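A.B. asks: Quick one, target-v1.tsv (TSV, C-alpha atoms):
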```
chain	number	residue	atom	x	y	z
A	170	MET	CA	0.00	0.00	0.00
A	171	LYS	CA	2.69	2.43	1.04
A	172	ARG	CA	4.67	1.53	-2.04
A	173	THR	CA	1.73	2.10	-4.34
A	174	ILE	CA	1.24	5.57	-2.92
A	175	LEU	CA	4.94	6.30	-3.30
A	176	VAL	CA	5.02	5.13	-6.91
A	177	ALA	CA	1.84	7.04	-7.74
A	178	THR	CA	3.24	10.20	-6.18
A	179	ALA	CA	6.52	9.87	-8.05
A	180	LEU	CA	4.65	9.27	-11.29
A	181	GLY	CA	2.45	12.28	-10.69
A	182	LEU	CA	5.41	14.49	-9.94
A	183	ALA	CA	7.22	13.29	-13.05
A	184	LEU	CA	4.19	14.02	-15.21
A	185	PHE	CA	3.80	17.44	-13.61
A	186	ALA	CA	7.46	18.25	-14.22
A	187	ALA	CA	7.16	17.10	-17.82
A	188	GLY	CA	4.10	19.28	-18.27
A	189	CYS	CA	5.89	22.28	-16.87
A	190	ALA	CA	8.97	21.71	-18.94
A	191	LYS	CA	6.96	21.33	-22.11
A	192	LYS	CA	5.23	24.66	-21.68
A	193	GLU	CA	8.10	26.90	-22.64
A	194	VAL	CA	10.68	26.40	-25.29
A	195	LYS	CA	13.84	28.32	-24.58
A	196	ASN	CA	16.09	29.56	-27.31
A	197	PRO	CA	19.36	31.18	-26.27
A	198	ILE	CA	19.29	33.69	-29.12
A	199	VAL	CA	15.73	34.77	-28.33
A	200	THR	CA	16.50	34.98	-24.60
A	201	ALA	CA	19.60	37.09	-25.21
A	202	ARG	CA	17.62	39.34	-27.54
A	203	HIS	CA	14.99	39.94	-24.87
A	204	GLU	CA	17.70	40.77	-22.37
A	205	ASN	CA	19.27	43.21	-24.80
A	206	TYR	CA	15.96	44.96	-25.37
A	207	GLU	CA	15.52	45.11	-21.62
A	208	GLN	CA	18.85	46.97	-21.50
A	209	VAL	CA	17.61	49.38	-24.16
A	210	LYS	CA	14.45	50.00	-22.21
A	211	GLN	CA	16.29	50.61	-18.94
A	212	ALA	CA	18.74	53.03	-20.51
A	213	PHE	CA	15.95	54.90	-22.26
A	214	ARG	CA	13.91	55.12	-19.09
A	215	ALA	CA	16.95	56.39	-17.14
A	216	ILE	CA	17.34	59.20	-19.68
A	217	GLY	CA	13.63	60.03	-19.51
A	218	ASP	CA	13.70	60.11	-15.70
A	219	GLU	CA	16.73	62.37	-15.74
A	220	LEU	CA	15.12	64.78	-18.20
A	221	LYS	CA	12.16	65.15	-15.86
A	222	LYS	CA	14.32	66.37	-13.00
A	223	GLU	CA	14.64	70.04	-12.28
A	224	SER	CA	18.35	70.04	-13.05
A	225	PRO	CA	19.13	66.93	-15.09
A	226	SER	CA	22.61	65.49	-14.82
A	227	PHE	CA	24.25	65.24	-18.24
A	228	GLU	CA	26.61	62.69	-16.80
A	229	VAL	CA	23.71	60.27	-16.25
A	230	ILE	CA	22.23	61.04	-19.65
A	231	ASP	CA	25.61	60.62	-21.32
A	232	THR	CA	26.30	57.26	-19.72
A	233	ASN	CA	22.94	55.92	-20.81
A	234	ALA	CA	23.12	57.47	-24.27
A	235	GLU	CA	26.47	55.73	-24.78
A	236	LYS	CA	24.89	52.46	-23.66
A	237	LEU	CA	22.06	52.98	-26.13
A	238	ASP	CA	24.58	53.78	-28.83
A	239	ALA	CA	26.43	50.50	-28.35
A	240	LEU	CA	23.17	48.54	-28.18
A	241	ALA	CA	21.74	50.19	-31.31
A	242	LYS	CA	24.90	49.37	-33.26
A	243	ASP	CA	24.62	45.73	-32.23
A	244	LEU	CA	20.90	45.49	-32.79
A	245	PRO	CA	20.85	43.81	-36.24
A	246	SER	CA	23.15	41.10	-34.92
A	247	TRP	CA	20.47	40.09	-32.41
A	248	PHE	CA	18.42	38.80	-35.31
A	249	PRO	CA	20.36	36.00	-37.00
A	250	GLU	CA	18.49	34.07	-39.68
A	251	GLY	CA	16.27	31.42	-38.09
A	252	SER	CA	15.79	33.16	-34.74
A	253	GLY	CA	12.14	34.07	-35.40
A	254	PRO	CA	8.92	32.28	-34.47
A	255	GLU	CA	10.26	29.06	-36.04
A	256	THR	CA	12.37	28.57	-32.91
A	257	GLY	CA	9.16	27.79	-31.01
A	258	ALA	CA	10.26	30.19	-28.28
A	259	LYS	CA	8.05	33.04	-27.17
A	260	THR	CA	8.99	35.89	-29.45
A	261	GLU	CA	7.24	38.82	-31.02
A	262	ALA	CA	9.76	39.04	-33.84
A	263	LEU	CA	7.80	38.80	-37.09
A	264	PRO	CA	9.07	36.79	-40.07
A	265	VAL	CA	8.92	40.01	-42.10
A	266	ILE	CA	12.23	40.99	-40.44
A	267	TRP	CA	14.05	38.37	-42.51
A	268	GLU	CA	11.78	38.63	-45.54
A	269	LYS	CA	12.61	42.32	-45.81
A	270	TRP	CA	16.01	42.32	-44.20
A	271	PRO	CA	17.26	45.49	-46.01
A	272	ASP	CA	14.20	47.38	-44.68
A	273	PHE	CA	14.90	46.10	-41.20
A	274	GLU	CA	18.52	47.19	-41.43
A	275	GLU	CA	17.39	50.58	-42.64
A	276	ALA	CA	15.05	50.88	-39.63
A	277	ALA	CA	17.92	49.93	-37.33
A	278	GLY	CA	20.02	52.55	-39.12
A	279	LYS	CA	17.42	55.17	-38.31
A	280	LEU	CA	17.67	54.23	-34.65
A	281	GLN	CA	21.46	54.46	-34.78
A	282	THR	CA	21.23	57.93	-36.34
A	283	ALA	CA	18.71	59.04	-33.71
A	284	VAL	CA	20.86	57.71	-30.87
A	285	GLY	CA	23.89	59.40	-32.42
A	286	GLY	CA	21.96	62.66	-32.24
A	287	LEU	CA	21.19	62.00	-28.60
A	288	VAL	CA	24.83	61.34	-27.75
A	289	ALA	CA	25.84	64.56	-29.52
A	290	ALA	CA	23.15	66.66	-27.83
A	291	SER	CA	23.99	65.31	-24.41
A	292	SER	CA	27.74	65.81	-24.89
A	293	ALA	CA	26.97	69.39	-25.89
A	294	GLU	CA	24.93	69.62	-22.66
A	295	ASP	CA	22.06	71.21	-24.55
A	296	LEU	CA	18.91	70.41	-22.62
A	297	GLY	CA	16.46	71.43	-25.35
A	298	LEU	CA	18.26	69.42	-28.03
A	299	THR	CA	18.64	66.44	-25.71
A	300	GLY	CA	14.90	66.32	-25.05
A	301	GLU	CA	14.23	66.58	-28.77
A	302	ALA	CA	16.79	63.87	-29.55
A	303	ALA	CA	15.31	61.53	-26.92
A	304	LYS	CA	11.91	61.96	-28.57
A	305	ASN	CA	13.45	61.03	-31.93
A	306	VAL	CA	14.91	57.88	-30.42
A	307	GLY	CA	11.48	56.92	-29.06
A	308	GLY	CA	10.01	57.55	-32.49
A	309	ALA	CA	12.59	55.30	-34.14
A	310	CYS	CA	11.80	52.52	-31.64
A	311	LYS	CA	8.11	52.82	-32.26
A	312	SER	CA	8.19	52.96	-36.04
A	313	CYS	CA	10.26	49.79	-36.17
A	314	HIS	CA	7.94	48.00	-33.71
A	315	ASP	CA	4.95	48.99	-35.82
A	316	THR	CA	6.29	47.09	-38.80
A	317	PHE	CA	8.45	44.31	-37.46
A	318	ARG	CA	6.92	43.27	-34.18
A	319	LYS	CA	3.84	41.24	-33.47
A	320	GLU	CA	1.13	43.29	-31.89
A	321	ASP	CA	-0.02	42.60	-28.37
A	322	ASP	CA	1.27	39.83	-26.18
B	18	MET	CA	-43.67	69.70	-15.03
B	19	THR	CA	-43.81	70.60	-11.40
B	20	ARG	CA	-40.77	70.11	-9.33
B	21	THR	CA	-41.84	68.51	-6.13
B	22	GLY	CA	-38.58	68.46	-4.32
B	23	GLY	CA	-40.29	67.63	-1.08
B	24	PRO	CA	-43.68	67.31	0.46
B	25	GLU	CA	-45.11	70.81	0.40
B	26	GLY	CA	-47.72	69.88	2.91
B	27	PRO	CA	-48.74	66.94	5.00
B	28	GLN	CA	-49.09	63.85	2.82
B	29	PRO	CA	-51.43	60.95	3.35
B	30	ALA	CA	-49.44	58.25	5.07
B	31	GLY	CA	-48.19	55.43	2.84
B	32	SER	CA	-50.44	56.22	-0.08
B	33	ALA	CA	-49.64	58.60	-2.92
B	34	PRO	CA	-46.14	58.08	-4.27
B	35	ALA	CA	-43.91	61.05	-3.72
B	36	LYS	CA	-41.39	62.30	-6.23
B	37	VAL	CA	-38.07	63.00	-4.61
B	38	ARG	CA	-34.75	64.05	-5.97
B	39	VAL	CA	-32.44	61.19	-5.01
B	40	TRP	CA	-29.34	62.00	-7.07
B	41	ASP	CA	-27.88	65.47	-7.44
B	42	PRO	CA	-26.44	66.57	-10.80
B	43	TRP	CA	-22.85	66.05	-9.59
B	44	VAL	CA	-23.37	62.42	-8.69
B	45	ARG	CA	-25.06	61.83	-12.04
B	46	LEU	CA	-22.35	63.63	-13.97
B	47	THR	CA	-19.63	61.66	-12.21
B	48	HIS	CA	-21.52	58.43	-12.73
B	49	TRP	CA	-22.20	58.80	-16.45
B	50	SER	CA	-18.72	60.14	-17.13
B	51	LEU	CA	-17.31	56.94	-15.69
B	52	VAL	CA	-19.77	54.89	-17.72
B	53	LEU	CA	-18.29	56.45	-20.86
B	54	LEU	CA	-14.68	56.58	-19.68
B	55	VAL	CA	-14.22	53.01	-18.50
B	56	PRO	CA	-14.97	51.41	-21.90
B	57	ALA	CA	-13.03	54.20	-23.65
B	58	LEU	CA	-10.03	53.47	-21.45
B	59	TRP	CA	-10.24	49.78	-22.21
B	60	LEU	CA	-10.46	50.46	-25.94
B	61	THR	CA	-7.56	52.92	-26.04
B	62	ALA	CA	-5.39	50.46	-24.11
B	63	GLU	CA	-6.32	47.58	-26.41
B	64	LYS	CA	-5.65	49.60	-29.54
B	65	GLY	CA	-2.42	51.05	-28.22
B	66	PHE	CA	-3.52	54.69	-28.14
B	67	LEU	CA	-1.58	55.16	-24.95
B	68	SER	CA	-1.34	58.93	-24.89
B	69	VAL	CA	-5.13	59.19	-25.22
B	70	HIS	CA	-5.43	56.48	-22.57
B	71	ARG	CA	-3.21	58.48	-20.28
B	72	THR	CA	-5.25	61.66	-20.73
B	73	LEU	CA	-8.54	59.88	-20.13
B	74	GLY	CA	-7.03	58.22	-17.08
B	75	GLU	CA	-6.14	61.64	-15.72
B	76	VAL	CA	-9.77	62.66	-16.14
B	77	VAL	CA	-10.74	59.61	-14.06
B	78	VAL	CA	-8.30	60.73	-11.36
B	79	GLY	CA	-10.12	64.05	-11.24
B	80	LEU	CA	-13.56	62.44	-11.12
B	81	LEU	CA	-12.48	60.09	-8.39
B	82	LEU	CA	-10.99	62.86	-6.27
B	83	PHE	CA	-14.19	64.84	-6.68
B	84	ARG	CA	-16.32	61.82	-5.78
B	85	ILE	CA	-14.32	61.19	-2.61
B	86	TYR	CA	-14.69	64.84	-1.62
B	87	TRP	CA	-18.41	64.63	-2.43
B	88	GLY	CA	-18.64	61.54	-0.24
B	89	PHE	CA	-17.86	63.80	2.71
B	90	ALA	CA	-19.14	67.21	1.64
B	91	GLY	CA	-21.85	66.37	-0.89
B	92	SER	CA	-25.59	65.86	-0.89
B	93	GLU	CA	-27.06	63.44	1.60
B	94	THR	CA	-27.34	60.45	-0.76
B	95	ALA	CA	-23.76	61.00	-1.97
B	96	ARG	CA	-22.20	60.84	1.49
B	97	PHE	CA	-20.39	57.72	2.61
B	98	ALA	CA	-21.82	58.19	6.07
B	99	SER	CA	-25.32	57.91	4.66
B	100	PHE	CA	-24.87	54.87	2.45
B	101	VAL	CA	-22.17	52.69	4.00
B	102	LYS	CA	-24.15	50.52	6.38
B	103	GLY	CA	-23.14	47.89	8.90
B	104	PRO	CA	-23.33	44.13	8.27
B	105	GLY	CA	-26.70	43.85	10.04
B	106	ALA	CA	-28.36	46.24	7.60
B	107	VAL	CA	-26.78	44.45	4.64
B	108	VAL	CA	-28.03	41.04	5.83
B	109	ALA	CA	-31.51	42.42	6.46
B	110	TYR	CA	-31.53	43.95	2.99
B	111	LEU	CA	-30.36	40.74	1.31
B	112	LYS	CA	-33.08	38.75	3.11
B	113	GLY	CA	-35.70	41.01	1.59
B	114	LEU	CA	-34.19	40.80	-1.86
B	115	GLY	CA	-36.39	37.91	-2.88
B	116	SER	CA	-39.61	39.84	-2.47
B	117	LYS	CA	-41.18	41.01	-5.69
B	118	THR	CA	-41.95	44.44	-4.33
B	119	ALA	CA	-39.96	47.49	-5.25
B	120	GLY	CA	-37.47	48.71	-2.67
B	121	HIS	CA	-38.12	52.42	-3.21
B	122	ALA	CA	-34.87	53.24	-1.54
B	123	VAL	CA	-33.97	56.89	-1.37
B	124	GLY	CA	-30.32	56.65	-2.34
B	125	HIS	CA	-28.26	53.49	-2.17
B	126	ASN	CA	-29.60	50.38	-0.50
B	127	ALA	CA	-27.48	48.66	2.15
B	128	ALA	CA	-25.76	46.28	-0.30
B	129	GLY	CA	-25.55	48.80	-3.12
B	130	GLY	CA	-23.63	51.19	-0.91
B	131	TRP	CA	-20.89	48.61	-0.51
B	132	SER	CA	-20.78	47.95	-4.22
B	133	ILE	CA	-20.25	51.68	-4.79
B	134	LEU	CA	-17.43	51.65	-2.29
B	135	LEU	CA	-15.92	48.60	-4.00
B	136	MET	CA	-16.12	50.23	-7.42
B	137	LEU	CA	-14.50	53.42	-6.15
B	138	LEU	CA	-11.80	51.35	-4.47
B	139	ALA	CA	-11.12	49.30	-7.60
B	140	ILE	CA	-10.96	52.42	-9.74
B	141	GLY	CA	-8.71	54.07	-7.16
B	142	VAL	CA	-6.29	51.14	-7.20
B	143	GLN	CA	-6.43	51.11	-10.99
B	144	VAL	CA	-5.56	54.79	-11.47
B	145	SER	CA	-2.84	54.57	-8.81
B	146	LEU	CA	-1.20	51.73	-10.73
B	147	GLY	CA	-1.72	53.52	-14.02
B	148	LEU	CA	-0.08	56.68	-12.72
B	149	VAL	CA	3.26	54.95	-12.11
B	150	ALA	CA	3.19	52.36	-14.91
B	151	GLN	CA	5.17	52.32	-18.13
B	152	ASP	CA	4.24	50.58	-21.35
B	153	LYS	CA	6.08	47.44	-22.35
B	154	ASP	CA	8.52	49.41	-24.50
B	155	GLY	CA	9.13	52.05	-21.88
B	156	LEU	CA	8.20	54.63	-24.52
B	157	THR	CA	4.97	55.86	-22.98
B	158	VAL	CA	5.33	56.69	-19.34
B	159	SER	CA	2.73	57.90	-16.89
B	160	PRO	CA	2.73	61.20	-15.03
B	161	LEU	CA	4.35	59.74	-11.93
B	162	THR	CA	6.47	56.98	-13.44
B	163	HIS	CA	9.69	58.89	-12.76
B	164	LEU	CA	8.98	58.80	-9.02
B	165	VAL	CA	9.13	55.01	-8.73
B	166	PRO	CA	11.83	52.48	-9.65
B	167	TYR	CA	11.86	50.74	-13.01
B	168	ALA	CA	10.73	47.40	-11.56
B	169	ALA	CA	7.77	49.06	-9.82
B	170	SER	CA	6.59	50.53	-13.12
B	171	GLU	CA	6.85	47.13	-14.77
B	172	ALA	CA	4.86	45.48	-11.97
B	173	ALA	CA	2.33	48.32	-12.06
B	174	ARG	CA	1.67	47.67	-15.75
B	175	GLU	CA	1.03	43.98	-15.11
B	176	TRP	CA	-1.30	44.69	-12.20
B	177	HIS	CA	-2.99	47.46	-14.16
B	178	GLU	CA	-4.01	44.79	-16.68
B	179	ARG	CA	-5.29	42.46	-13.94
B	180	VAL	CA	-7.19	45.00	-11.87
B	181	PHE	CA	-9.24	45.82	-14.95
B	182	PHE	CA	-10.94	42.45	-14.49
B	183	ALA	CA	-11.78	43.35	-10.90
B	184	ILE	CA	-13.46	46.48	-12.22
B	185	VAL	CA	-15.36	44.42	-14.78
B	186	ALA	CA	-16.47	42.11	-11.95
B	187	VAL	CA	-17.81	44.82	-9.66
B	188	VAL	CA	-19.42	46.73	-12.50
B	189	SER	CA	-21.09	43.50	-13.67
B	190	LEU	CA	-22.48	42.96	-10.19
B	191	HIS	CA	-23.77	46.54	-10.19
B	192	VAL	CA	-25.44	46.12	-13.60
B	193	ALA	CA	-26.83	42.69	-12.64
B	194	ALA	CA	-28.51	44.24	-9.60
B	195	ILE	CA	-30.09	46.93	-11.77
B	196	VAL	CA	-31.38	44.32	-14.23
B	197	TYR	CA	-32.73	42.25	-11.34
B	198	TYR	CA	-34.57	45.26	-9.97
B	199	ALA	CA	-36.00	46.07	-13.40
B	200	PHE	CA	-37.41	42.61	-14.07
B	201	ALA	CA	-38.01	40.96	-10.71
B	202	LYS	CA	-38.95	44.00	-8.69
B	203	ARG	CA	-40.27	46.18	-11.52
B	204	GLU	CA	-38.30	49.11	-10.31
B	205	ASN	CA	-36.44	51.30	-12.75
B	206	LEU	CA	-33.17	52.41	-11.19
B	207	VAL	CA	-31.69	53.85	-14.36
B	208	ARG	CA	-34.16	56.68	-14.87
B	209	PRO	CA	-33.44	58.32	-11.49
B	210	MET	CA	-29.72	58.24	-12.30
B	211	ILE	CA	-30.53	60.17	-15.50
B	212	SER	CA	-33.12	62.64	-14.24
B	213	GLY	CA	-32.29	62.66	-10.56
B	214	TRP	CA	-35.95	62.12	-9.63
B	215	LYS	CA	-37.53	59.00	-8.28
B	216	LEU	CA	-41.06	58.00	-7.36
B	217	VAL	CA	-41.09	56.76	-3.82
B	218	SER	CA	-44.08	55.33	-2.03
B	219	GLY	CA	-45.20	56.97	1.11
B	220	PRO	CA	-44.07	60.13	2.77
B	221	VAL	CA	-40.35	60.55	2.78
B	222	ALA	CA	-38.20	63.37	3.87
B	223	PRO	CA	-36.35	64.49	0.73
B	224	PRO	CA	-32.61	64.01	1.06
B	225	ALA	CA	-30.69	67.20	1.64
B	226	ALA	CA	-29.01	68.58	-1.45
B	227	ALA	CA	-25.63	70.26	-1.12
B	228	PRO	CA	-25.33	73.78	-2.54
B	229	ALA	CA	-23.76	74.23	-5.96
B	230	TRP	CA	-20.89	76.34	-4.64
B	231	ARG	CA	-19.69	73.40	-2.62
B	232	ALA	CA	-19.65	71.21	-5.71
B	233	LEU	CA	-17.78	73.87	-7.65
B	234	LEU	CA	-15.26	74.20	-4.83
B	235	GLY	CA	-14.74	70.43	-4.89
B	236	ALA	CA	-14.44	70.42	-8.67
B	237	ALA	CA	-11.83	73.16	-8.49
B	238	LEU	CA	-9.88	71.31	-5.79
B	239	ALA	CA	-10.03	68.02	-7.70
B	240	ALA	CA	-9.06	69.69	-10.97
B	241	GLY	CA	-6.15	71.50	-9.34
B	242	LEU	CA	-4.81	68.38	-7.70
B	243	THR	CA	-5.23	66.38	-10.90
B	244	TRP	CA	-3.46	69.06	-12.90
B	245	TRP	CA	-0.53	68.92	-10.52
B	246	VAL	CA	-0.40	65.11	-10.76
B	247	ALA	CA	-0.64	65.25	-14.56
B	248	LEU	CA	2.34	67.59	-14.62
B	249	GLY	CA	4.33	64.93	-12.79
B	250	ALA	CA	3.84	66.24	-9.26
B	251	PRO	CA	6.38	69.09	-9.54
B	252	GLY	CA	8.11	69.73	-6.23
B	253	VAL	CA	8.21	66.06	-5.29
B	254	PRO	CA	11.86	65.03	-5.62
B	255	ALA	CA	12.59	61.87	-7.60
B	256	PRO	CA	14.39	59.19	-5.58
```
I'd like the structure from this file rewritten - as structure tokens, please.

C.D. replies:
Amino acid sequence: MKRTILVATALGLALFAAGCAKKEVKNPIVTARHENYEQVKQAFRAIGDELKKESPSFEVIDTNAEKLDALAKDLPSWFPEGSGPETGAKTEALPVIWEKWPDFEEAAGKLQTAVGGLVAASSAEDLGLTGEAAKNVGGACKSCHDTFRKEDD
Amino acid sequence: MTRTGGPEGPQPAGSAPAKVRVWDPWVRLTHWSLVLLVPALWLTAEKGFLSVHRTLGEVVVGLLLFRIYWGFAGSETARFASFVKGPGAVVAYLKGLGSKTAGHAVGHNAAGGWSILLMLLAIGVQVSLGLVAQDKDGLTVSPLTHLVPYAASEAAREWHERVFFAIVAVVSLHVAAIVYYAFAKRENLVRPMISGWKLVSGPVAPPAAAPAWRALLGAALAAGLTWWVALGAPGVPAP
């Protein structure tokens, strides 16, 4: 009797574990991409927070703008061929990224240009220009998402 | 149409129905504004019109602040002290719910008062979360996002999505009660919320209405506070 219960419990646990494991497919490229975008988001938010302060620190903005700059330059490399929905992992990357790769690269280029403007404005310590440049960066993010990312989650 | 705000003379006991003004214009305005705003907020969130969503949410903040003020300084039926009853009254009310006769309550009934409080609470939690949330791209931020850490804004967005279902639940209960009253008890609760007037059986003392200046004062206070919040609460230092 005791043994039956033990076996049944073990079996149940094994099935449960299998069920849990099956739920989510992990893909290292997709995971790394998500983490990179998380970095983008954090840097962008840090700049936005700083710009809302009464006397924003250009040091903080600069640091984060530089981070964004490096990330934006790397961005196309986060999307190697075959890292889309076909991986089975949870991703909002649309196949159109690879179908229209030159367009995607162009969109990434626009982001790089916008971030370049932000770095320049913040190095020049021009508050008005920095605010404007940050808006441009947000616009570049959004326009790319509109085309290349699956809507909703 | 004669406005019979109260019994002008002695009325025959328990006979002729009296017409009383149960809801003042401010309660009705707040109520119907929310009826329009809640679905509009849902739609703008679903469709990704986040800046419109944010603006409409700020309007809800103002309405809620006004309604809380009105719960203390408003007309009799609007005051929390008049409609938030103890458990005994709620149980007694629920026991009588099965009867097919109209309740003819002047103002909220004992259970309805609690549902109002629940709705205000749910909406209060919802706007508080909304005020510090950020969208999933971190591109649209709320008026007070910069005052909380990044992780708090992320959590606020997730909870903001969940609390919406709590609002749907309490609003559904509210609407279900109105439908029940309409069909089982043959009492129309919607019309009084539109016109303010309700036919009530028997002699009733009309509920006291607060003067307009007090409503305008509350509206000004709520609008001022909301404006300050919408500007990002200037003067409050970011951590």

A.B. asks: Identify all chain A residues at most 8 Å from chain B by counting only C-alpha atoms; ligands do not count. Present them as a list in words.

C.D. replies: Lys210, Gln211, Phe213, Arg214, Gly217, Asp218, Lys221, Lys222, Gly307 and Lys311 of chain A

A.B. asks: Just want the 8 Å neighbourhood of B:Tyr110, counted on all atoms listed in the file, with same-chain residues fewer than 5 positions away dropped. Output as a count of residues only.

C.D. replies: 3

A.B. asks: Is there a way to get, as a PyMOL selection string, all residues within 12 Å of the point (-12.4, 54.4, -19.7) in file coordinates, counting only C-alpha atoms?

C.D. replies: chain B and resi 49-63+69-78+80+140+143-144+181+184-185

A.B. asks: Neighbouring residues of A:Lys236 were defined as those with any atom within 12 Å, considering only C-alpha atoms; residues of the same chain fewer than 5 positions away were excluded. Please report them as an NGL selection string.

C.D. replies: :A and (205-206 or 208-213 or 215-216 or 229-231 or 241-243 or 281 or 284-285 or 287-288)

A.B. asks: Within 10 Å of stretch 131-137 of chain B, counting only C-alpha atoms, which residues qualify if same-chain residues fewer than 3 places away don't, as a PyMOL selection string?

C.D. replies: chain B and resi 81+84-85+97+100-103+107+125-128+140-143+183-188+190-191

A.B. asks: Measure the distance from atom CA of A:Leu263 to atom CA of A:His314 in Å and round it to one decimal.

C.D. replies: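 Interatomic distance, atom CA of A:Leu263 to atom CA of A:His314: 9.8 Å.
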
A.B. asks: Quick one, how far is atom CA of B:Trp244 from atom CA of A:Gly300?

C.D. replies: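 If I compute the distance from atom CA of B:Trp244 to atom CA of A:Gly300, I get 22.2 Å.
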
A.B. asks: Hey, could you patch up stretch 254-267 of chain A with N, CA and C atoms and hand it over as a PDB file, keeping the file's coordinate frame?

C.D. replies:
```pdb
ATOM      1  N   PRO A 254       9.932  33.158 -35.084  1.00  0.00           N
ATOM      2  CA  PRO A 254       8.920  32.280 -34.470  1.00  0.00           C
ATOM      3  C   PRO A 254       9.200  30.797 -34.698  1.00  0.00           C
ATOM      4  N   GLU A 255       9.960  30.473 -35.744  1.00  0.00           N
ATOM      5  CA  GLU A 255      10.260  29.060 -36.040  1.00  0.00           C
ATOM      6  C   GLU A 255      11.059  28.382 -34.930  1.00  0.00           C
ATOM      7  N   THR A 256      11.641  29.168 -34.024  1.00  0.00           N
ATOM      8  CA  THR A 256      12.370  28.570 -32.910  1.00  0.00           C
ATOM      9  C   THR A 256      11.409  27.903 -31.929  1.00  0.00           C
ATOM     10  N   GLY A 257      10.138  28.325 -31.967  1.00  0.00           N
ATOM     11  CA  GLY A 257       9.160  27.790 -31.010  1.00  0.00           C
ATOM     12  C   GLY A 257       9.187  28.540 -29.694  1.00  0.00           C
ATOM     13  N   ALA A 258      10.177  29.396 -29.519  1.00  0.00           N
ATOM     14  CA  ALA A 258      10.260  30.190 -28.280  1.00  0.00           C
ATOM     15  C   ALA A 258       9.287  31.356 -28.377  1.00  0.00           C
ATOM     16  N   LYS A 259       8.973  31.905 -27.210  1.00  0.00           N
ATOM     17  CA  LYS A 259       8.050  33.040 -27.170  1.00  0.00           C
ATOM     18  C   LYS A 259       8.771  34.281 -27.701  1.00  0.00           C
ATOM     19  N   THR A 260       8.376  34.702 -28.860  1.00  0.00           N
ATOM     20  CA  THR A 260       8.990  35.890 -29.450  1.00  0.00           C
ATOM     21  C   THR A 260       7.953  36.682 -30.229  1.00  0.00           C
ATOM     22  N   GLU A 261       8.157  37.973 -30.258  1.00  0.00           N
ATOM     23  CA  GLU A 261       7.240  38.820 -31.020  1.00  0.00           C
ATOM     24  C   GLU A 261       7.905  39.284 -32.318  1.00  0.00           C
ATOM     25  N   ALA A 262       9.075  38.707 -32.598  1.00  0.00           N
ATOM     26  CA  ALA A 262       9.760  39.040 -33.840  1.00  0.00           C
ATOM     27  C   ALA A 262       8.980  38.445 -35.011  1.00  0.00           C
ATOM     28  N   LEU A 263       8.588  39.279 -35.955  1.00  0.00           N
ATOM     29  CA  LEU A 263       7.800  38.800 -37.090  1.00  0.00           C
ATOM     30  C   LEU A 263       8.716  38.290 -38.206  1.00  0.00           C
ATOM     31  N   PRO A 264       8.263  37.317 -38.962  1.00  0.00           N
ATOM     32  CA  PRO A 264       9.070  36.790 -40.070  1.00  0.00           C
ATOM     33  C   PRO A 264       9.452  37.867 -41.095  1.00  0.00           C
ATOM     34  N   VAL A 265       8.658  38.938 -41.130  1.00  0.00           N
ATOM     35  CA  VAL A 265       8.920  40.010 -42.100  1.00  0.00           C
ATOM     36  C   VAL A 265      10.313  40.632 -41.898  1.00  0.00           C
ATOM     37  N   ILE A 266      10.875  40.491 -40.702  1.00  0.00           N
ATOM     38  CA  ILE A 266      12.230  40.990 -40.440  1.00  0.00           C
ATOM     39  C   ILE A 266      13.208  40.378 -41.443  1.00  0.00           C
ATOM     40  N   TRP A 267      13.094  39.063 -41.634  1.00  0.00           N
ATOM     41  CA  TRP A 267      14.050  38.370 -42.510  1.00  0.00           C
ATOM     42  C   TRP A 267      13.599  38.408 -43.967  1.00  0.00           C
TER      43      TRP A 267
END
```
